[in-house]
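Structure file entry.tsv (TSV, C-alpha atoms (C1' of nucleotides)) is printed below.
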```tsv
chain	number	residue	atom	x	y	z
A	1	MET	CA	0.00	0.00	0.00
A	2	ALA	CA	1.29	3.43	-0.95
A	3	THR	CA	2.53	5.60	1.87
A	4	ARG	CA	0.15	8.35	2.84
A	5	TRP	CA	2.60	11.20	3.31
A	6	LEU	CA	1.65	14.13	5.49
A	7	THR	CA	-0.23	17.04	3.95
A	8	ALA	CA	1.08	20.56	4.45
A	9	ALA	CA	-1.31	21.17	7.31
A	10	GLU	CA	-0.41	17.89	8.95
A	11	GLN	CA	3.29	18.60	8.60
A	12	ARG	CA	2.83	22.00	10.15
A	13	ALA	CA	1.11	20.51	13.17
A	14	TRP	CA	3.57	17.68	13.51
A	15	ARG	CA	6.65	19.82	13.21
A	16	ALA	CA	5.27	22.41	15.58
A	17	TYR	CA	4.64	19.66	18.09
A	18	LEU	CA	8.14	18.24	17.63
A	19	GLU	CA	9.75	21.62	17.92
A	20	SER	CA	7.79	22.75	20.93
A	21	ASN	CA	8.67	19.54	22.68
A	22	LYS	CA	12.31	19.92	22.09
A	23	VAL	CA	12.68	23.53	23.08
A	24	LEU	CA	10.38	23.13	26.05
A	25	PHE	CA	11.96	20.06	27.60
A	26	ASP	CA	15.35	21.45	26.88
A	27	ALA	CA	14.46	24.53	28.86
A	28	LEU	CA	12.86	22.57	31.68
A	29	ASP	CA	15.75	20.17	31.97
A	30	ARG	CA	18.22	22.99	31.99
A	31	GLN	CA	16.31	24.85	34.67
A	32	LEU	CA	16.07	21.79	36.91
A	33	GLN	CA	19.66	20.87	36.33
A	34	ARG	CA	20.83	24.36	37.15
A	35	GLU	CA	18.64	25.07	40.15
A	36	ALA	CA	18.13	21.61	41.62
A	37	ASP	CA	20.91	19.52	40.14
A	38	MET	CA	18.66	16.79	38.78
A	39	PRO	CA	17.10	15.79	35.47
A	40	HIS	CA	13.38	15.98	34.93
A	41	THR	CA	12.91	12.23	35.22
A	42	TYR	CA	14.36	12.26	38.72
A	43	TYR	CA	12.13	15.14	39.66
A	44	GLU	CA	9.11	13.12	38.57
A	45	ILE	CA	10.18	10.19	40.69
A	46	LEU	CA	10.43	12.41	43.75
A	47	VAL	CA	7.05	13.98	42.98
A	48	ARG	CA	5.31	10.64	42.72
A	49	LEU	CA	6.82	9.38	45.92
A	50	SER	CA	5.92	12.56	47.75
A	51	GLU	CA	2.28	12.20	46.71
A	52	THR	CA	1.96	8.68	48.05
A	53	GLU	CA	0.84	7.59	51.49
A	54	GLY	CA	3.98	6.93	53.48
A	55	ARG	CA	6.07	8.38	50.64
A	56	THR	CA	6.74	4.79	49.71
A	57	MET	CA	6.06	2.84	46.56
A	58	ARG	CA	6.89	-0.50	45.07
A	59	MET	CA	9.56	-0.27	42.40
A	60	SER	CA	7.28	-1.69	39.71
A	61	GLU	CA	4.49	0.66	40.52
A	62	LEU	CA	6.84	3.60	40.58
A	63	ALA	CA	8.16	2.55	37.19
A	64	ALA	CA	4.60	2.31	35.90
A	65	VAL	CA	3.45	5.72	37.08
A	66	THR	CA	6.59	7.45	35.89
A	67	LEU	CA	6.33	5.62	32.56
A	68	SER	CA	9.84	4.34	32.73
A	69	SER	CA	11.29	0.89	32.29
A	70	ARG	CA	12.13	-1.09	35.39
A	71	SER	CA	15.75	-0.93	34.37
A	72	ARG	CA	15.73	2.83	34.07
A	73	LEU	CA	14.02	3.23	37.38
A	74	SER	CA	16.45	0.86	39.02
A	75	HIS	CA	19.42	2.88	37.83
A	76	ALA	CA	17.73	6.15	38.74
A	77	VAL	CA	16.82	5.05	42.25
A	78	ALA	CA	20.38	3.86	42.72
A	79	ARG	CA	21.56	7.40	42.01
A	80	LEU	CA	18.92	8.94	44.24
A	81	GLU	CA	19.91	6.56	46.99
A	82	GLU	CA	23.54	7.62	46.68
A	83	ARG	CA	22.42	11.17	47.29
A	84	GLY	CA	20.36	10.15	50.28
A	85	TRP	CA	17.10	11.35	48.74
A	86	VAL	CA	15.53	7.91	48.57
A	87	VAL	CA	16.09	4.61	50.33
A	88	ARG	CA	15.25	1.09	49.24
A	89	GLU	CA	13.56	-1.24	51.70
A	90	ASP	CA	12.54	-4.86	51.43
A	91	CYS	CA	8.86	-5.35	50.81
A	92	PRO	CA	7.33	-7.08	53.83
A	93	THR	CA	4.68	-8.98	51.88
A	94	ASP	CA	6.62	-10.14	48.84
A	95	ARG	CA	10.17	-11.21	49.23
A	96	ARG	CA	10.92	-10.33	45.61
A	97	GLY	CA	9.78	-6.79	46.10
A	98	GLN	CA	11.53	-3.57	46.96
A	99	ASN	CA	10.00	-0.37	48.21
A	100	ALA	CA	11.42	3.01	47.40
A	101	ARG	CA	10.89	5.55	50.14
A	102	LEU	CA	11.45	9.27	49.93
A	103	THR	CA	13.64	10.41	52.80
A	104	ASP	CA	13.12	13.63	54.71
A	105	ILE	CA	16.13	15.06	52.98
A	106	GLY	CA	14.67	14.04	49.63
A	107	PHE	CA	11.41	15.68	50.53
A	108	ASP	CA	13.18	18.90	51.43
A	109	VAL	CA	15.12	18.83	48.20
A	110	LEU	CA	11.89	18.42	46.29
A	111	ALA	CA	10.20	21.18	48.26
A	112	ALA	CA	13.09	23.46	47.41
A	113	ALA	CA	13.04	22.56	43.73
A	114	ALA	CA	9.31	22.69	43.14
A	115	PRO	CA	8.64	26.45	43.10
A	116	GLY	CA	11.26	27.15	40.47
A	117	HIS	CA	10.08	24.28	38.34
A	118	VAL	CA	6.42	25.22	38.56
A	119	GLU	CA	7.28	28.80	37.79
A	120	THR	CA	9.07	27.67	34.64
A	121	VAL	CA	6.21	25.44	33.55
A	122	ARG	CA	3.86	28.35	34.11
A	123	SER	CA	5.81	30.92	32.23
A	124	HIS	CA	6.67	28.63	29.32
A	125	VAL	CA	3.36	26.86	28.91
A	126	ILE	CA	0.44	27.47	31.22
A	127	ASP	CA	0.46	31.24	31.17
A	128	ALA	CA	1.30	31.29	27.47
A	129	LEU	CA	-1.89	29.49	26.53
A	130	THR	CA	-5.55	30.42	26.92
A	131	PRO	CA	-7.78	28.29	29.14
A	132	GLU	CA	-9.39	26.96	25.96
A	133	GLN	CA	-6.01	25.93	24.62
A	134	LEU	CA	-5.18	24.16	27.86
A	135	GLU	CA	-8.41	22.25	27.60
A	136	GLN	CA	-7.57	21.37	23.99
A	137	LEU	CA	-4.11	20.28	25.01
A	138	ALA	CA	-5.53	18.00	27.68
A	139	GLU	CA	-7.92	16.43	25.16
A	140	ILE	CA	-5.22	15.97	22.56
A	141	GLY	CA	-2.79	14.49	25.04
A	142	GLU	CA	-5.34	12.08	26.41
A	143	THR	CA	-6.33	11.02	22.92
A	144	ILE	CA	-2.75	10.30	21.96
A	145	VAL	CA	-2.12	8.34	25.15
A	146	ALA	CA	-5.21	6.22	24.53
A	147	ARG	CA	-4.29	5.66	20.91
A	148	VAL	CA	-0.71	4.67	21.53
A	149	ALA	CA	-1.84	2.29	24.26
A	150	LYS	CA	-4.26	0.67	21.83
A	151	GLU	CA	-1.78	0.39	18.95
A	152	SER	CA	0.94	-1.31	20.85
B	153	MET	CA	6.43	35.93	45.99
B	154	ALA	CA	4.26	32.92	46.74
B	155	THR	CA	4.37	30.11	44.23
B	156	ARG	CA	1.32	29.93	42.02
B	157	TRP	CA	0.74	26.19	41.99
B	158	LEU	CA	-1.17	24.62	39.15
B	159	THR	CA	-4.95	24.39	39.38
B	160	ALA	CA	-6.63	21.05	38.80
B	161	ALA	CA	-7.42	21.94	35.19
B	162	GLU	CA	-3.86	23.11	34.59
B	163	GLN	CA	-2.44	19.95	36.12
B	164	ARG	CA	-4.67	17.82	33.96
B	165	ALA	CA	-3.43	19.55	30.81
B	166	TRP	CA	0.18	19.50	31.88
B	167	ARG	CA	0.22	15.89	32.91
B	168	ALA	CA	-1.63	14.82	29.78
B	169	TYR	CA	0.97	16.64	27.74
B	170	LEU	CA	3.82	15.04	29.67
B	171	GLU	CA	2.34	11.61	29.41
B	172	SER	CA	1.49	11.81	25.73
B	173	ASN	CA	5.01	12.94	25.00
B	174	LYS	CA	6.56	10.09	26.81
B	175	VAL	CA	4.44	7.30	25.41
B	176	LEU	CA	4.52	8.76	21.93
B	177	PHE	CA	8.25	9.31	21.61
B	178	ASP	CA	8.87	6.03	23.26
B	179	ALA	CA	6.80	4.34	20.59
B	180	LEU	CA	8.39	6.32	17.77
B	181	ASP	CA	11.90	5.67	18.96
B	182	ARG	CA	11.19	2.01	19.35
B	183	GLN	CA	9.72	1.75	15.87
B	184	LEU	CA	12.65	3.54	14.28
B	185	GLN	CA	15.16	1.56	16.27
B	186	ARG	CA	13.52	-1.70	15.32
B	187	GLU	CA	12.85	-1.05	11.65
B	188	ALA	CA	15.64	1.32	10.73
B	189	ASP	CA	18.25	0.86	13.45
B	190	MET	CA	18.50	4.53	14.36
B	191	PRO	CA	17.18	6.90	17.01
B	192	HIS	CA	14.75	9.63	16.11
B	193	THR	CA	17.39	12.35	16.31
B	194	TYR	CA	19.43	10.64	13.62
B	195	TYR	CA	16.37	10.30	11.46
B	196	GLU	CA	15.79	14.02	11.72
B	197	ILE	CA	19.33	14.76	10.67
B	198	LEU	CA	18.92	12.64	7.56
B	199	VAL	CA	15.57	14.26	6.76
B	200	ARG	CA	16.98	17.75	6.98
B	201	LEU	CA	19.93	16.91	4.80
B	202	SER	CA	17.70	15.21	2.24
B	203	GLU	CA	15.55	18.32	1.95
B	204	THR	CA	18.47	20.62	1.22
B	205	GLU	CA	19.88	21.58	-2.17
B	206	GLY	CA	22.86	19.34	-2.75
B	207	ARG	CA	21.94	17.33	0.36
B	208	THR	CA	24.65	19.30	2.09
B	209	MET	CA	24.59	21.60	5.06
B	210	ARG	CA	27.02	23.39	7.32
B	211	MET	CA	27.37	21.70	10.70
B	212	SER	CA	26.18	24.79	12.60
B	213	GLU	CA	23.15	25.21	10.43
B	214	LEU	CA	22.30	21.54	10.72
B	215	ALA	CA	22.62	21.83	14.49
B	216	ALA	CA	20.33	24.85	14.42
B	217	VAL	CA	17.56	23.29	12.34
B	218	THR	CA	17.62	20.03	14.27
B	219	LEU	CA	17.64	21.97	17.54
B	220	SER	CA	20.64	20.16	18.87
B	221	SER	CA	23.84	21.38	20.41
B	222	ARG	CA	26.91	21.49	18.21
B	223	SER	CA	28.47	18.88	20.41
B	224	ARG	CA	25.57	16.52	20.04
B	225	LEU	CA	25.48	16.97	16.30
B	226	SER	CA	29.19	16.40	16.08
B	227	HIS	CA	28.93	13.08	17.87
B	228	ALA	CA	25.88	12.08	15.86
B	229	VAL	CA	27.45	12.87	12.51
B	230	ALA	CA	30.50	10.90	13.56
B	231	ARG	CA	28.29	7.84	14.02
B	232	LEU	CA	26.45	8.46	10.78
B	233	GLU	CA	29.77	8.79	9.00
B	234	GLU	CA	30.93	5.44	10.40
B	235	ARG	CA	27.88	3.87	8.82
B	236	GLY	CA	28.53	5.57	5.51
B	237	TRP	CA	25.26	7.49	5.56
B	238	VAL	CA	26.87	10.93	5.74
B	239	VAL	CA	30.27	12.35	4.88
B	240	ARG	CA	32.01	15.42	6.19
B	241	GLU	CA	33.69	17.78	3.74
B	242	ASP	CA	35.73	20.93	4.23
B	243	CYS	CA	33.79	24.08	3.58
B	244	PRO	CA	35.31	25.86	0.57
B	245	THR	CA	34.55	29.39	1.77
B	246	ASP	CA	35.42	29.14	5.46
B	247	ARG	CA	38.34	27.08	6.56
B	248	ARG	CA	36.79	26.60	10.00
B	249	GLY	CA	33.67	25.12	8.51
B	250	GLN	CA	32.58	21.58	7.78
B	251	ASN	CA	29.78	20.46	5.51
B	252	ALA	CA	27.77	17.36	6.20
B	253	ARG	CA	26.58	15.66	3.04
B	254	LEU	CA	24.04	12.85	2.79
B	255	THR	CA	25.47	10.00	0.75
B	256	ASP	CA	23.48	7.98	-1.76
B	257	ILE	CA	23.50	5.11	0.67
B	258	GLY	CA	22.24	7.41	3.40
B	259	PHE	CA	19.49	8.62	1.12
B	260	ASP	CA	18.42	5.08	0.38
B	261	VAL	CA	18.40	4.22	4.06
B	262	LEU	CA	16.18	7.21	4.72
B	263	ALA	CA	13.89	6.34	1.84
B	264	ALA	CA	13.53	2.86	3.26
B	265	ALA	CA	12.85	4.12	6.77
B	266	ALA	CA	10.43	6.91	5.94
B	267	PRO	CA	7.25	4.98	5.10
B	268	GLY	CA	7.27	3.02	8.33
B	269	HIS	CA	7.96	6.12	10.35
B	270	VAL	CA	5.28	8.20	8.67
B	271	GLU	CA	2.81	5.37	9.07
B	272	THR	CA	3.54	5.30	12.80
B	273	VAL	CA	3.17	9.06	13.14
B	274	ARG	CA	-0.11	8.83	11.28
B	275	SER	CA	-1.60	6.02	13.27
B	276	HIS	CA	-0.45	7.37	16.63
B	277	VAL	CA	-1.16	11.05	16.12
B	278	ILE	CA	-2.43	12.43	12.86
B	279	ASP	CA	-5.23	9.99	12.26
B	280	ALA	CA	-6.14	9.95	15.94
B	281	LEU	CA	-6.94	13.66	15.95
B	282	THR	CA	-9.55	15.69	14.12
B	283	PRO	CA	-8.42	18.36	11.62
B	284	GLU	CA	-9.49	20.94	14.20
B	285	GLN	CA	-7.33	19.35	16.83
B	286	LEU	CA	-4.38	19.31	14.46
B	287	GLU	CA	-4.86	23.00	13.86
B	288	GLN	CA	-5.06	23.56	17.62
B	289	LEU	CA	-1.92	21.53	18.13
B	290	ALA	CA	-0.06	23.61	15.56
B	291	GLU	CA	-1.16	26.82	17.27
B	292	ILE	CA	-0.25	25.56	20.70
B	293	GLY	CA	3.13	24.32	19.56
B	294	GLU	CA	3.97	27.53	17.80
B	295	THR	CA	2.92	29.54	20.82
B	296	ILE	CA	5.13	27.52	23.11
B	297	VAL	CA	8.09	27.78	20.77
B	298	ALA	CA	7.70	31.55	20.57
B	299	ARG	CA	7.32	31.85	24.31
B	300	VAL	CA	10.31	29.74	25.21
B	301	ALA	CA	12.43	31.64	22.70
B	302	LYS	CA	11.39	34.91	24.34
B	303	GLU	CA	11.93	33.75	27.92
B	304	SER	CA	15.44	32.50	27.45
C	305	DT	C1'	50.26	44.87	11.50
C	306	DC	C1'	48.83	43.01	15.69
C	307	DC	C1'	45.83	41.54	19.25
C	308	DA	C1'	41.62	40.35	21.45
C	309	DA	C1'	37.30	38.57	20.93
C	310	DA	C1'	34.03	35.88	18.45
C	311	DC	C1'	33.05	31.87	15.78
C	312	DA	C1'	33.12	26.76	13.93
C	313	DG	C1'	33.74	22.55	15.28
C	314	DT	C1'	35.71	18.56	17.94
C	315	DT	C1'	36.92	15.89	21.95
C	316	DG	C1'	36.77	13.13	26.36
C	317	DA	C1'	34.64	12.34	30.55
C	318	DA	C1'	30.51	11.95	33.21
C	319	DA	C1'	25.72	11.06	33.37
C	320	DG	C1'	21.38	8.91	31.70
C	321	DT	C1'	18.95	5.34	28.88
C	322	DT	C1'	18.35	0.93	26.58
C	323	DC	C1'	18.79	-3.83	25.90
C	324	DA	C1'	19.48	-8.42	26.97
C	325	DA	C1'	20.84	-11.54	30.37
C	326	DC	C1'	20.40	-12.80	34.88
C	327	DC	C1'	18.91	-14.28	39.95
C	328	DA	C1'	15.38	-14.96	43.18
C	329	DT	C1'	10.72	-15.53	44.44
C	330	DG	C1'	5.93	-16.53	43.63
C	331	DT	C1'	2.04	-19.06	41.18
C	332	DA	C1'	-0.49	-22.66	38.68
C	333	DG	C1'	-1.13	-27.02	36.98
C	334	DT	C1'	-0.31	-31.90	37.25
D	335	DA	C1'	5.55	-32.27	45.75
D	336	DC	C1'	7.36	-31.01	41.11
D	337	DT	C1'	7.74	-28.66	37.21
D	338	DA	C1'	7.18	-24.83	34.33
D	339	DC	C1'	6.25	-20.33	33.81
D	340	DA	C1'	5.46	-15.60	35.26
D	341	DT	C1'	6.81	-11.77	38.15
D	342	DG	C1'	10.05	-8.34	40.57
D	343	DG	C1'	14.07	-6.44	40.32
D	344	DT	C1'	19.13	-5.77	39.28
D	345	DT	C1'	23.27	-5.63	36.48
D	346	DG	C1'	26.76	-4.57	32.85
D	347	DA	C1'	27.70	-3.26	28.30
D	348	DA	C1'	26.66	-0.33	24.50
D	349	DC	C1'	24.92	3.87	23.09
D	350	DT	C1'	23.32	8.87	23.34
D	351	DT	C1'	23.54	13.30	25.48
D	352	DT	C1'	25.66	16.98	28.15
D	353	DC	C1'	29.27	19.82	29.78
D	354	DA	C1'	33.52	21.99	29.84
D	355	DA	C1'	37.82	22.43	27.72
D	356	DC	C1'	40.26	22.76	23.61
D	357	DT	C1'	42.16	23.77	18.56
D	358	DG	C1'	42.07	26.44	14.71
D	359	DT	C1'	40.06	30.39	11.90
D	360	DT	C1'	38.04	34.79	11.14
D	361	DT	C1'	36.86	39.49	12.30
D	362	DG	C1'	37.28	44.17	14.03
D	363	DG	C1'	39.49	47.50	15.89
D	364	DA	C1'	43.95	50.15	17.85
```
With the file now loaded, output its structure as structure tokens.
Amino acid sequence: MATRWLTAAEQRAWRAYLESNKVLFDALDRQLQREADMPHTYYEILVRLSETEGRTMRMSELAAVTLSSRSRLSHAVARLEERGWVVREDCPTDRRGQNARLTDIGFDVLAAAAPGHVETVRSHVIDALTPEQLEQLAEIGETIVARVAKES
Amino acid sequence: MATRWLTAAEQRAWRAYLESNKVLFDALDRQLQREADMPHTYYEILVRLSETEGRTMRMSELAAVTLSSRSRLSHAVARLEERGWVVREDCPTDRRGQNARLTDIGFDVLAAAAPGHVETVRSHVIDALTPEQLEQLAEIGETIVARVAKES
DNA sequence: TCCAAACAGTTGAAAGTTCAACCATGTAGT
DNA sequence: ACTACATGGTTGAACTTTCAACTGTTTGGA
């Protein structure tokens, strides 16, 4: 079957999406790296842990909610543990399992990093768009997530 | 000044955007890696070169249009050169300069990779959204790009 | 002409990600 | 109980990206 190449309008949308992603995550990563000495993925791990009861989560679940592979998470948590921001503990109910727990130091680090990060997200994205556009963005994002999940 | 945290609606949009990005680029990278043995960034380099007169571009310009650092591009082109997909040539008008040129082999590799990639982009994004949503996405992306450029 | 600053590009080390292989534990079926 | 398979998680090697330092070239004045 012949390839259905993108039309001009489709290309415009696709390239705008690609470009906005790159410049945006570049900026966010740089900001976090500069002000909090961590990449965005690590920030997300800390956020998820901080939002959980007991600031503790099973490794697999943490990998699932942060959308990272178990391998990636394992390496990442190893680094976070070196810094004392997270500790690993044996899971009491499943001897295979490990829990990652956010330490008090890790929580403080996150609390210190959050305002700068949120401010950047706001100024680069949230405050740049109208409420209607934010709603559209949510719809579009959710549609893509659902579609990709279905395809693969 | 007190941090202006995200409202529920803002969080929904932001997290949907984050999540769609991750699952989408994960899927795209995996598809390209599997079917064409290259990451998405390399694909973009080949595309840009293929679209240029003479399939040749100055390293700095190529870095600019692919939104990558000169260092990153330098490493990437080194790998592409090892594979014979690109060659570096001295720039005739500026002895500091280097031109990257897409080889015939590189062009063929790109031509072989493109249909599968476009098909994936279509099925995961373009065909999942309405024409209105694509237009919205273009607007949103362009707004973010302009904003980030202004901020930094 | 000479010098300082800017520019073009590369390099090596450190950090993050991916992939496949691996160990240990749990689960289901016979 | 035994076997086979699935699950939870880690590891090391290969690869990509970042960062800072570096070489060589050009440019714009004194």
Inset, instruction - When you get a sec, could you note down which chain D residues fall within 8 Å of chain B, using all atoms listed in the file, as number ranges by chain? - result: D: 351, 358-359
Inset, instruction - Give as a list in words every residue of chain C that touches chain B within 12 Å, counting all atoms listed in the file. - result: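 Those within range of chain B come out as DC311, DA312, DG313, DT314, DT315, DG316, DT321, DT322 and DC323 of chain C.
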Taking every listed atom of region 279-286 of chain B and adding 6 Å to each side, what centre and edge lengths in Å (one decimal) does the axis-aligned box have, as AutoDock Vina command-line options?
```
--center_x -7.0 --center_y 15.4 --center_z 14.2 --size_x 17.2 --size_y 23.0 --size_z 17.2
```
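The gap separating CA of Thr159 (chain B) from CA of Val65 (chain A) is 20.6 Å, in Å to one decimal.
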Result of fitting chain B to chain A over every paired C-alpha, as a short mmCIF file (atom, residue, chain, number, x, y, z; two decimals) with C-alpha atoms, keeping the file's coordinate frame:
```cif
data_model
loop_
_atom_site.label_atom_id
_atom_site.label_comp_id
_atom_site.auth_asym_id
_atom_site.auth_seq_id
_atom_site.Cartn_x
_atom_site.Cartn_y
_atom_site.Cartn_z
CA MET B 153 -0.02 -0.02 0.03
CA ALA B 154 1.26 3.41 -0.93
CA THR B 155 2.51 5.58 1.89
CA ARG B 156 0.12 8.34 2.84
CA TRP B 157 2.56 11.20 3.30
CA LEU B 158 1.62 14.12 5.48
CA THR B 159 -0.25 17.04 3.94
CA ALA B 160 1.07 20.54 4.44
CA ALA B 161 -1.34 21.18 7.30
CA GLU B 162 -0.42 17.88 8.94
CA GLN B 163 3.28 18.61 8.60
CA ARG B 164 2.83 22.01 10.13
CA ALA B 165 1.10 20.52 13.17
CA TRP B 166 3.56 17.68 13.51
CA ARG B 167 6.63 19.81 13.20
CA ALA B 168 5.26 22.42 15.58
CA TYR B 169 4.63 19.66 18.08
CA LEU B 170 8.12 18.25 17.62
CA GLU B 171 9.74 21.61 17.91
CA SER B 172 7.78 22.75 20.94
CA ASN B 173 8.66 19.53 22.69
CA LYS B 174 12.31 19.91 22.08
CA VAL B 175 12.68 23.53 23.07
CA LEU B 176 10.38 23.13 26.04
CA PHE B 177 11.96 20.06 27.59
CA ASP B 178 15.34 21.43 26.86
CA ALA B 179 14.46 24.53 28.85
CA LEU B 180 12.87 22.55 31.67
CA ASP B 181 15.76 20.16 31.96
CA ARG B 182 18.22 22.99 31.97
CA GLN B 183 16.33 24.85 34.68
CA LEU B 184 16.07 21.79 36.89
CA GLN B 185 19.68 20.86 36.31
CA ARG B 186 20.83 24.35 37.15
CA GLU B 187 18.64 25.06 40.16
CA ALA B 188 18.12 21.61 41.60
CA ASP B 189 20.92 19.51 40.13
CA MET B 190 18.66 16.79 38.76
CA PRO B 191 17.12 15.78 35.45
CA HIS B 192 13.39 15.97 34.93
CA THR B 193 12.93 12.21 35.23
CA TYR B 194 14.38 12.27 38.73
CA TYR B 195 12.13 15.14 39.66
CA GLU B 196 9.13 13.11 38.57
CA ILE B 197 10.20 10.19 40.69
CA LEU B 198 10.41 12.40 43.75
CA VAL B 199 7.03 13.98 43.00
CA ARG B 200 5.32 10.63 42.71
CA LEU B 201 6.81 9.36 45.92
CA SER B 202 5.89 12.56 47.75
CA GLU B 203 2.27 12.19 46.70
CA THR B 204 1.94 8.66 48.03
CA GLU B 205 0.80 7.58 51.48
CA GLY B 206 3.93 6.91 53.48
CA ARG B 207 6.03 8.36 50.64
CA THR B 208 6.72 4.78 49.70
CA MET B 209 6.05 2.82 46.56
CA ARG B 210 6.91 -0.53 45.06
CA MET B 211 9.58 -0.28 42.38
CA SER B 212 7.30 -1.72 39.68
CA GLU B 213 4.50 0.63 40.50
CA LEU B 214 6.85 3.58 40.56
CA ALA B 215 8.18 2.51 37.17
CA ALA B 216 4.62 2.27 35.88
CA VAL B 217 3.47 5.69 37.05
CA THR B 218 6.62 7.43 35.87
CA LEU B 219 6.37 5.59 32.55
CA SER B 220 9.89 4.31 32.72
CA SER B 221 11.34 0.87 32.26
CA ARG B 222 12.20 -1.10 35.37
CA SER B 223 15.81 -0.95 34.37
CA ARG B 224 15.79 2.80 34.06
CA LEU B 225 14.06 3.22 37.38
CA SER B 226 16.49 0.87 39.02
CA HIS B 227 19.46 2.90 37.86
CA ALA B 228 17.75 6.16 38.77
CA VAL B 229 16.84 5.06 42.27
CA ALA B 230 20.40 3.89 42.75
CA ARG B 231 21.60 7.43 42.05
CA LEU B 232 18.93 8.96 44.25
CA GLU B 233 19.91 6.59 47.02
CA GLU B 234 23.56 7.65 46.74
CA ARG B 235 22.43 11.20 47.35
CA GLY B 236 20.34 10.19 50.32
CA TRP B 237 17.09 11.37 48.77
CA VAL B 238 15.51 7.92 48.59
CA VAL B 239 16.06 4.62 50.37
CA ARG B 240 15.23 1.12 49.27
CA GLU B 241 13.54 -1.24 51.72
CA ASP B 242 12.52 -4.87 51.47
CA CYS B 243 8.86 -5.36 50.82
CA PRO B 244 7.30 -7.12 53.83
CA THR B 245 4.69 -9.05 51.85
CA ASP B 246 6.70 -10.17 48.82
CA ARG B 247 10.27 -11.19 49.23
CA ARG B 248 11.00 -10.33 45.60
CA GLY B 249 9.80 -6.79 46.08
CA GLN B 250 11.55 -3.57 46.97
CA ASN B 251 9.98 -0.37 48.22
CA ALA B 252 11.40 3.01 47.39
CA ARG B 253 10.85 5.54 50.15
CA LEU B 254 11.42 9.28 49.94
CA THR B 255 13.60 10.42 52.82
CA ASP B 256 13.07 13.64 54.74
CA ILE B 257 16.10 15.06 53.02
CA GLY B 258 14.67 14.04 49.66
CA PHE B 259 11.39 15.69 50.55
CA ASP B 260 13.15 18.90 51.45
CA VAL B 261 15.11 18.84 48.22
CA LEU B 262 11.88 18.44 46.29
CA ALA B 263 10.19 21.20 48.25
CA ALA B 264 13.09 23.47 47.42
CA ALA B 265 13.04 22.56 43.74
CA ALA B 266 9.30 22.69 43.15
CA PRO B 267 8.64 26.45 43.09
CA GLY B 268 11.27 27.14 40.48
CA HIS B 269 10.09 24.28 38.35
CA VAL B 270 6.43 25.21 38.56
CA GLU B 271 7.28 28.81 37.78
CA THR B 272 9.10 27.67 34.64
CA VAL B 273 6.22 25.45 33.55
CA ARG B 274 3.87 28.35 34.11
CA SER B 275 5.84 30.94 32.23
CA HIS B 276 6.70 28.63 29.33
CA VAL B 277 3.38 26.86 28.91
CA ILE B 278 0.46 27.48 31.20
CA ASP B 279 0.48 31.24 31.16
CA ALA B 280 1.32 31.30 27.46
CA LEU B 281 -1.88 29.50 26.53
CA THR B 282 -5.52 30.44 26.91
CA PRO B 283 -7.77 28.30 29.15
CA GLU B 284 -9.36 26.98 25.96
CA GLN B 285 -6.01 25.95 24.60
CA LEU B 286 -5.17 24.19 27.85
CA GLU B 287 -8.40 22.27 27.59
CA GLN B 288 -7.57 21.40 23.98
CA LEU B 289 -4.11 20.30 25.00
CA ALA B 290 -5.53 18.01 27.67
CA GLU B 291 -7.92 16.46 25.15
CA ILE B 292 -5.23 16.01 22.56
CA GLY B 293 -2.82 14.50 25.04
CA GLU B 294 -5.36 12.10 26.40
CA THR B 295 -6.36 11.06 22.91
CA ILE B 296 -2.78 10.33 21.96
CA VAL B 297 -2.15 8.37 25.13
CA ALA B 298 -5.25 6.25 24.53
CA ARG B 299 -4.33 5.69 20.91
CA VAL B 300 -0.75 4.68 21.53
CA ALA B 301 -1.88 2.31 24.27
CA LYS B 302 -4.30 0.69 21.83
CA GLU B 303 -1.84 0.42 18.95
CA SER B 304 0.90 -1.30 20.86
#
```
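Between CA of Leu28 (chain A) and CA of Gln136 (chain A) there is a distance of 21.9 Å.
Our summary of the geometry notes that CA of Tyr169 (chain B) is positioned 5.1 Å from CA of Gly141 (chain A).
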Inset, instruction - Check the smallest atom-to-atom distance from each of B:Ala264, B:Val239, B:Ala280, B:Leu254 to chain A using all atoms listed in the file, then report the winner. - result: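 Between B:Ala264, B:Val239, B:Ala280, B:Leu254, the residue approaching chain A most closely is B:Ala280.
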